[in-house]
Amino acid sequence: MTAEPIAGGAGDAATAVLPRARVSRSRGLGHILEDERILAYLLLAPAAIILGVFIAYPFGRGVWLSLTNATVGNPGSYVGLKNFERAWNDTIFHQTTVNTFVYTGVTTVFKLAFGLWLAVLLNREFRAKRYARAFILLPFIIPTVLSTFAWKWMFDPTFSVINWCLWRLGVITQRINWLGGEHLALASVMVVNVWRGVPFYAISLLAGLQTINPELHEAAAIDGAAAWQRFWKITWPLLLPVTMVVVLFSVIQTFADFQLVYVLTGGGPANATHVFATYAYQIGVGAGLLGQGAAISLALFPVLLIVVILQLWYIRRTDTT
Amino acid sequence: MIEGSRTRKLAFFYGPLLAFIFGLLFPFYWMLVTTFRPDGELYRPWNRANYTPFWTTSPTLEHIRYLLSETLFGTWLYNTMFISLISTAISLFCGLLAGYALARLRFRLAGSLGTSIFVTYLVPPTLLFIPLAEIIRAFRLADTPWALILTYPTFLIPFCTWLLMGYFKTIPKELEECARIDGASRLQAMVRIIFPIAMPGILSAGIFAFTLSWNEFIYALVFLSTTQQKTIPVGVVSELIRGDVFFWGPLMAGALLGSIPVAFVYAFFVEHYVAGLTGSVKG
């Protein structure tokens, strides 16, 4: 041990590490583990194996499946781009594509607006603030499938509590079938998605807000800036880095969403509310057309790729500055 | 806030805040009321005069009894718990080691490996479930808890690694160096000095991972088929809906009871959970 004083410590240049590696290799196991590079690969191995076997390999396998006519119990054979061609000419797939983009776009705007509003409210000092914050996160904690069932029950055509309230308030005279009409069903699904997503936005943005120095606000207020001006000139620009990450992360989750739509509408009525994931499930698992299903779920990939590249670019940019 | 009279504060602060809280919590209240409401009241049309939506005059435990005796809810609860705990443990183990390596050790591929782990963090399960189902079948894991225990880490490990890597970077390197001068090996310094200090980060990652696995749905839906093997979300969906008939009482009871364990864990560790959530965003 004395032969290698503070090697591998903070300020060591890479060249200082190399000779040490040669020395330690000639000794026992304990010394092999002193080699930074060997130790690093050993420590990364468990994660790399699991991610390789259950993400990288299935991804490659999925690409291959999408090029075959495989069905359940039948490995199928290579058919080229036929599955993609079929999706391209499939009107349900067109509807699915539109839905997925509308679903993601609209809910993201609302989640950001409400989330930011709630974060600003929570950033003040008030009694029971800790409890408010804890309770607000519940929609995000409680398993989505289970809370979505509560919504489905609230949307029930015959026993809807929302209808009762609106009827009592004199807004409606006829029942509204929230999940029955094509456009209304998609809107209802989006409401639930916003409900589930707002807490995540609010709490993440609140963490960002808390890093903003309150003196900035005080100084601006003394100079006569109104609350609204202070928000746009101070809060918003300083919060932008956190906002970017939250939005990109949430876009991926929403774009690939499955549970909400599956439970609320199952893609119906008449395939009007399918998103990529539910349609891929219906074709790949429901109908057992593995090749076609794999092709549909790969439709998620281009957009995800763009978001991932954006996010990596953004992280790298903020790391270097 | 600097300015603001009482009415202003009411209109711009307490009003909206209470509206948010009401909106965000109402579905859970509705779950609770439905669980204890007898069927006769449950299926009373909403425009009937004696419809009392927000409370019940004759609470009943019938739905909970049905859930516990007529379905395998207890088994599902056990399965969910077992799968969540083991997959969280596996992910924490892998995440700790990988996070330490990426934060502290210098080796040639550090940058690209860190990036690829981050990228897998962004690959959603819905992209992979069809080929994965095939692989699970090939490994003869279909319809066993191991199908989920081995696949849940795919979205938990990247998260744990990322979070813990950030945490390790905040621990001063001098601590480790001191230990090494005192004769500890690199591995000993990692396990005895760094991991104990990182305990809050480990706890955050663990709690977050636990709630994520409790929440997971699509893998459980696709990989499990027999009733005995199911997790709570899948069991509730497949056993309490027969065709078009929804058993709303037991369904809501299942939703309520299935949420309690995870809400319980959350209640004890709110601060850690929030730290995990915001840590994952800040990267």
# chains A, B, ... in the order shown; residues from 1 in each chain; ligands from 1

$ residues_around --residues "Ala207 (chain A)" --least-positions-apart "2" --cutoff "12 Å" --atoms "only C-alpha atoms" --output "count of residues only"
31

$ residues_around --residues "Leu97 (chain B)" --least-positions-apart "2" --cutoff "9 Å" --atoms "only C-alpha atoms" --output "PyMOL selection string"
(chain A and resi 40+42-47) or (chain B and resi 92-95+99-102+161)

$ interface_residues --of "chain B" --to "chain A" --cutoff "6 Å" --atoms "only C-alpha atoms" --output "number ranges by chain"
B: 27, 31, 45-46, 94, 97-98, 101, 105, 107, 126-127, 131-132, 154, 186, 215, 255, 259, 278

$ write_last_selection --atoms "N, CA and C atoms" --output "CSV table (one decimal), in the first residue's frame"
chain,number,residue,atom,x,y,z
B,27,PRO,N,-60.4,12.6,-6.6
B,27,PRO,CA,-60.6,11.2,-7.0
B,27,PRO,C,-60.3,10.2,-5.9
B,31,MET,N,-62.8,7.4,-4.3
B,31,MET,CA,-62.4,6.0,-4.1
B,31,MET,C,-62.8,5.5,-2.8
B,45,PRO,N,-79.0,6.2,-10.2
B,45,PRO,CA,-78.7,7.2,-11.2
B,45,PRO,C,-78.5,8.6,-10.6
B,46,TRP,N,-77.6,9.4,-11.2
B,46,TRP,CA,-77.2,10.6,-10.6
B,46,TRP,C,-78.3,11.7,-10.6
B,94,CYS,N,-27.0,-2.6,-8.3
B,94,CYS,CA,-26.3,-2.2,-9.6
B,94,CYS,C,-26.1,-0.7,-9.7
B,97,LEU,N,-23.1,0.6,-7.5
B,97,LEU,CA,-21.8,0.3,-8.0
B,97,LEU,C,-21.5,1.1,-9.3
B,98,ALA,N,-22.5,1.1,-10.2
B,98,ALA,CA,-22.3,1.8,-11.4
B,98,ALA,C,-22.2,3.3,-11.2
B,101,ALA,N,-18.7,4.1,-9.9
B,101,ALA,CA,-17.7,4.0,-10.9
B,101,ALA,C,-17.8,5.3,-11.8
B,105,LEU,N,-14.4,7.1,-10.6
B,105,LEU,CA,-13.2,6.4,-11.2
B,105,LEU,C,-13.0,7.0,-12.6
B,107,PHE,N,-11.8,6.2,-16.3
B,107,PHE,CA,-11.4,5.2,-17.3
B,107,PHE,C,-11.9,5.7,-18.6
B,126,THR,N,-43.0,0.8,-23.1
B,126,THR,CA,-43.9,0.6,-24.1
B,126,THR,C,-43.3,0.3,-25.5
B,127,LEU,N,-42.0,0.7,-25.6
B,127,LEU,CA,-41.3,0.5,-26.9
B,127,LEU,C,-40.9,-0.9,-27.0
B,131,PRO,N,-41.0,-7.4,-28.2
B,131,PRO,CA,-39.8,-8.3,-28.2
B,131,PRO,C,-39.5,-8.9,-26.9
B,132,LEU,N,-39.7,-8.1,-25.8
B,132,LEU,CA,-39.3,-8.6,-24.5
B,132,LEU,C,-40.2,-9.8,-24.1
B,154,THR,N,-34.6,-2.6,-15.6
B,154,THR,CA,-34.3,-1.9,-16.8
B,154,THR,C,-34.6,-0.4,-16.7
B,186,ARG,N,-9.3,0.7,-2.2
B,186,ARG,CA,-10.3,1.5,-2.8
B,186,ARG,C,-11.7,0.9,-2.6
B,215,ASN,N,-46.0,0.7,-9.3
B,215,ASN,CA,-46.8,1.3,-10.3
B,215,ASN,C,-46.9,0.6,-11.6
B,255,ALA,N,-58.5,-0.6,-5.4
B,255,ALA,CA,-57.7,0.5,-5.7
B,255,ALA,C,-57.2,1.2,-4.4
B,259,SER,N,-53.4,1.0,-2.9
B,259,SER,CA,-52.6,2.2,-2.8
B,259,SER,C,-52.0,2.4,-1.5
B,278,THR,N,-36.8,15.3,-7.4
B,278,THR,CA,-36.2,16.5,-8.0
B,278,THR,C,-34.8,16.2,-8.4

$ residues_around --residues "Pro38 (chain B)" --least-positions-apart "6" --cutoff "9 Å" --atoms "only C-alpha atoms" --output "number ranges by chain"
B: 56, 58-63, 249

$ atom_distance --atom1 "CA of Gln292 (chain A)" --atom2 "CA of His274 (chain A)"
15.7 Å

$ atom_distance --atom1 "CA of Ala205 (chain B)" --atom2 "CA of Lys169 (chain B)"
15.3 Å

$ select_by_dssp --residues "region 28-244 of chain B" --states "alpha helix (DSSP H)" --output "NGL selection string"
:B and (28-35 or 39-42 or 62-70 or 73-104 or 110-121 or 125-138 or 145-151 or 153-170 or 173-181 or 186-188 or 195-197 or 199-215 or 218-223 or 232-239)

$ atom_distance --atom1 "CA of Tyr43 (chain B)" --atom2 "CA of Thr265 (chain A)"
20.9 Å

$ residues_around --residues "Gln228 (chain B)" --least-positions-apart "6" --cutoff "8 Å" --atoms "only C-alpha atoms" --output "NGL selection string"
:B and (72 or 75-76)

$ write_last_selection --atoms "C-alpha atoms" --output "mmCIF file, in the first residue's frame"
data_model
loop_
_atom_site.group_PDB
_atom_site.id
_atom_site.type_symbol
_atom_site.label_atom_id
_atom_site.label_comp_id
_atom_site.auth_asym_id
_atom_site.auth_seq_id
_atom_site.Cartn_x
_atom_site.Cartn_y
_atom_site.Cartn_z
ATOM 1 C CA LEU B 72 -56.862 -13.423 -4.729
ATOM 2 C CA THR B 75 -51.819 -13.072 -3.190
ATOM 3 C CA TRP B 76 -51.571 -10.103 -5.550
#

$ residues_around --residues "Thr226 (chain B)" --least-positions-apart "2" --cutoff "10 Å" --atoms "only C-alpha atoms" --output "ChimeraX atom specification"
/B:143-144,223-224,228-230,235
